[in-house]
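Worksheet: the structure to be examined is printed underneath.
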Number of protein chains: 6
Amino acid sequence: MATVEMIEYEKASPEVREVYDDIMATRNIDWVNNFWKVLAVQPELLRRTWNGVKEVMAPGAIDALTKEMLYVAVSVGNACKYCINSHTAAARKKGMSEAMLAELMAVVAMANQTNALANGFQIHLDDAFQNGGQTPE
Amino acid sequence: MATVEMIEYEKASPEVREVYDDIMATRNIDWVNNFWKVLAVQPELLRRTWNGVKEVMAPGAIDALTKEMLYVAVSVGNACKYCINSHTAAARKKGMSEAMLAELMAVVAMANQTNALANGFQIHLDDAFQNGGQTPE
Amino acid sequence: MATVEMIEYEKASPEVREVYDDIMATRNIDWVNNFWKVLAVQPELLRRTWNGVKEVMAPGAIDALTKEMLYVAVSVGNACKYCINSHTAAARKKGMSEAMLAELMAVVAMANQTNALANGFQIHLDDAFQNGGQTPE
Amino acid sequence: MATVEMIEYEKASPEVREVYDDIMATRNIDWVNNFWKVLAVQPELLRRTWNGVKEVMAPGAIDALTKEMLYVAVSVGNACKYCINSHTAAARKKGMSEAMLAELMAVVAMANQTNALANGFQIHLDDAFQNGGQTPE
Amino acid sequence: MATVEMIEYEKASPEVREVYDDIMATRNIDWVNNFWKVLAVQPELLRRTWNGVKEVMAPGAIDALTKEMLYVAVSVGNACKYCINSHTAAARKKGMSEAMLAELMAVVAMANQTNALANGFQIHLDDAFQNGGQTPE
Amino acid sequence: MATVEMIEYEKASPEVREVYDDIMATRNIDWVNNFWKVLAVQPELLRRTWNGVKEVMAPGAIDALTKEMLYVAVSVGNACKYCINSHTAAARKKGMSEAMLAELMAVVAMANQTNALANGFQIHLDDAFQNGGQTPE
């Protein structure tokens with residue numbers, strides 16, 4: 001159980017059901033995962049979060065699978081067990097192979113290693129990297 | 001300046017120069033960024049880190065640009081100014097458009113938001129997500 | 001400068017100006033801070049983020065000043081220089097006294113200390129605290 | 001179990017019992033939670049931590065419930081399961097309603113989202129926010 | 001179970017067995033812990049990580065026990081349950097007494113407390129501490 | 001400047017001066033660093049924090065230099081610029097050689113790398129590591 005009670009579809013208000021229906025339709029599945037059943041405690045939080053996730057995770061300049069892998073990378077940094085497992089599952093469903101998962105973790109781990117070195121040694125930023133290497137107009 | 005003195009090419013030992021040469025050859029550039037000049041304080045640390053980065057960041061099951069964006073995502077989580085700027089610059093060089101950068105940040109930010117909700121509400125992991133949705137043999 | 005170019009009001013599209021206008025009207029000020037000028041690189045990101053912040057930070061079950069102090073607490077944990085400074089400024093504007101700021105920091109610091117002890121010693125959760133002490137119906 | 005043995009009241013030294021007694025008296029309860037039984041492995045650590053928590057969490061310029069919610073916000077950032085659950089329980093006991101808990105999480109999540117954007121885009125601090133908007137004398 | 005299948009010695013390729021053998025020989029034990037059995041999903045990741053750990057954790061300018069305690073300190077910060085438990089166990093095996101463990105946690109906790117104060121108050125770095133107090137040649 | 005005004009010795013109350021005097025006497029120096037001048041905004045916070053640091057950092061089961069290096073390791077994880085620089089300086093003053101600093105960073109970086117792998121792959125804790133390998137009585 002979570003720190004708040006989960007709202008099951010049967011007990012949900014029309015407002016909450018509408019979001020649940022959209023989640024299931026968008027993902028083409030017939031169930032709603034716990035994350036949303038918990039957010040439903042505050043219907044506006046549920047709606048705002050779902051709309052944000054739906055909009056942000058849709059394929060755009062970056063494809064949907066890459067976005068899912070970025071989500072996993074962030075979740076590792078936050079030590080979020082729920083997030084790591086649910087987004088690894090989602091990435092697999094969107095086509096992440098076992099080789100890709102292994103490389104994803106290798107990159108994330110390497111980044112954490114070099115981040116610690118850069119922060120630990122307080123390395124001064126090279127001029128070429130100022131503003132993310134942004135080219136002036 | 002960093003917390004240790006940087007080793008410039010001119011003052012570097014042959015062992016360190018060899019790594020510097022490989023960095024410049026691999027990246028097809030004629031300079032070495034501060035990160036490596038600081039690690040050179042311990043030549044084995046320099047060599048091990050460079051070899052790891054070179055191996056991990058090479059295109060494989062995941063392409064080089066996606067790996068660079070994963071690096072940025074991790075660097076944001078670690079609040080590593082050097083890393084965010086240098087890897088954003090590297091991603092741009094590898095073809096990240098401004099639209100991709102904006103979506104990258106939108107995904108990273110959304111992930112941090114939902115991670116906080118999942119951790120904060122201590123949401124119980126759905127059975128379907130156990131072991132990252134790993135399918136048993 | 002940031003890693004992307006900031007969009008000034010004069011150069012902004014009608015879509016972006018609408019958000020800028022709402023920010024200034026809601027906050028009763030005549031300028032827009034850098035955070036929003038950077039998000040404007042992706043108008044939907046700007047609109048979604050502003051609408052979220054506006055909705056979440058409005059007084060509700062928790063008053064606006066307390067919400068601002070919670071924002072500062074999170075920002076300290078993320079080592080976000082921009083966020084710590086901007087939300088400390090916002091909290092002061094909403095009435096946070098110097099005594100409150102000092103207590104806020106004392107609480108945040110104490111929480112980080114005891115969090116490290118709980119995680120470090122891997123302390124087992126007491127039955128009374130399961131599910132955040134949630135009382136069963 | 002934790003990584004060290006917990007000291008039960010019956011087996012505790014007079015020095016440790018004195019702290020346990022103060023915890024129970026201050027909180028008006030008849031039991032001591034695991035956190036303190038683990039710290040008792042080093043009596044000075046127990047005493048110093050308890051005295052700090054007692055002093056910091058007492059109502060002052062900020063009321064006790066707000067302090068407890070700040071504690072939860074920090075605990076989410078540290079992914080501290082023990083802390084999230086125990087302080088959510090404590091906040092509920094001090095009067096946090098379910099609506100307040102939902103808003104607390106919404107604020108914490110929103111703050112993590114915008115923190116990621118500010119750090120990720122490396123946004124330059126506005127002059128008005130320098131030094132937390134501190135007004136010069 | 002982990003998010004990927006663990007490779008047991010019996011089913012491992014010669015390449016993986018070679019690393020497993022080196023782990024057992026180096027540590028003078030007759031089993032391999034789960035961490036390595038998971039990394040074996042990508043043999044180069046396994047080899048690179050083990051070689052790095054072996055090299056870094058060997059006694060040098062800093063002794064092996066101190067290195068293990070540093071590992072625990074980092075693991076607490078990352079809320080890594082596996083890491084906290086495995087490295088606390090390793091430190092105990094290398095001679096960490098219960099008094100040392102208690103002091104280790106006290107230092108880590110105190111550092112997290114003062115870090116929050118320094119970041120929270122955005123304290124300006126004293127000249128004497130610039131570049132980590134590095135003495136110019 | 002910090003987000004609050006620093007209290008210089010000349011303007012400090014007798015209560016604050018007493019702590020400043022103890023800091024200078026304990027460390028055998030004739031100045032007080034900014035950290036304490038900021039905490040002085042709340043004299044009890046100053047006193048409590050100094051007393052805690054003084055007690056925790058004194059040599060005990062773990063020597064003073066090792067404690068200082070643990071402090072640096074934690075500070076890297078918190079991306080605390082002030083803390084990384086001030087404690088690196090303190091460690092150098094207590095005898096940390098350049099070789100030790102390099103090894104310290106190598107260990108911290110390696111720990112961050114393997115922590116990410118353990119969290120990312122959600123590795124199941126081996127029985128031998130339960131409770132930090134604690135041996136039952």
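Starting from 1 in every chain, residues are counted up; chains themselves are A, B, ... following the order of the structure tokens, and ligands are numbered from 1 as listed.
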Using only C-alpha atoms, determine which residues lie at most 10 Å from Arg17 of chain C, disregarding the query and same-chain residues fewer than 5 positions distant; provide the list as a PyMOL selection string. chain C and resi 7-12+22-23+40+43
Distance cut-off 7 Å, counting only C-alpha atoms - which residues of chain C neighbour chain A? Return them as an NGL selection string. :C and (1-4 or 131-132 or 134)
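Reported to one decimal place, the separation of atom CA of Thr114 of chain F from atom CA of Ala116 of chain A is 12.3 Å.
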Please tabulate, as JSON lines, the residues of segment 12-107 of chain D that come within 10 Å of segment 91-106 of chain C, each with its closest pair of atoms and the distance in Å to one decimal, counting only C-alpha atoms and ordering rows by chain, then residue number upward.
{"residue": "D:Gly52", "atom": "CA", "partner": "C:Ala106", "partner_atom": "CA", "distance": 9.6}
{"residue": "D:Val53", "atom": "CA", "partner": "C:Ala106", "partner_atom": "CA", "distance": 9.7}
{"residue": "D:Glu55", "atom": "CA", "partner": "C:Ala106", "partner_atom": "CA", "distance": 9.8}
{"residue": "D:Val56", "atom": "CA", "partner": "C:Ala106", "partner_atom": "CA", "distance": 6.5}
{"residue": "D:Met57", "atom": "CA", "partner": "C:Ala106", "partner_atom": "CA", "distance": 9.1}
{"residue": "D:Pro59", "atom": "CA", "partner": "C:Glu103", "partner_atom": "CA", "distance": 9.8}
{"residue": "D:Gly60", "atom": "CA", "partner": "C:Glu103", "partner_atom": "CA", "distance": 7.9}
{"residue": "D:Ala61", "atom": "CA", "partner": "C:Met100", "partner_atom": "CA", "distance": 5.2}
{"residue": "D:Ile62", "atom": "CA", "partner": "C:Met100", "partner_atom": "CA", "distance": 6.0}
{"residue": "D:Asp63", "atom": "CA", "partner": "C:Met100", "partner_atom": "CA", "distance": 9.8}
{"residue": "D:Thr66", "atom": "CA", "partner": "C:Leu104", "partner_atom": "CA", "distance": 9.6}
{"residue": "D:Lys67", "atom": "CA", "partner": "C:Leu104", "partner_atom": "CA", "distance": 7.7}
{"residue": "D:Leu70", "atom": "CA", "partner": "C:Leu104", "partner_atom": "CA", "distance": 8.0}
{"residue": "D:Tyr71", "atom": "CA", "partner": "C:Leu104", "partner_atom": "CA", "distance": 10.0}
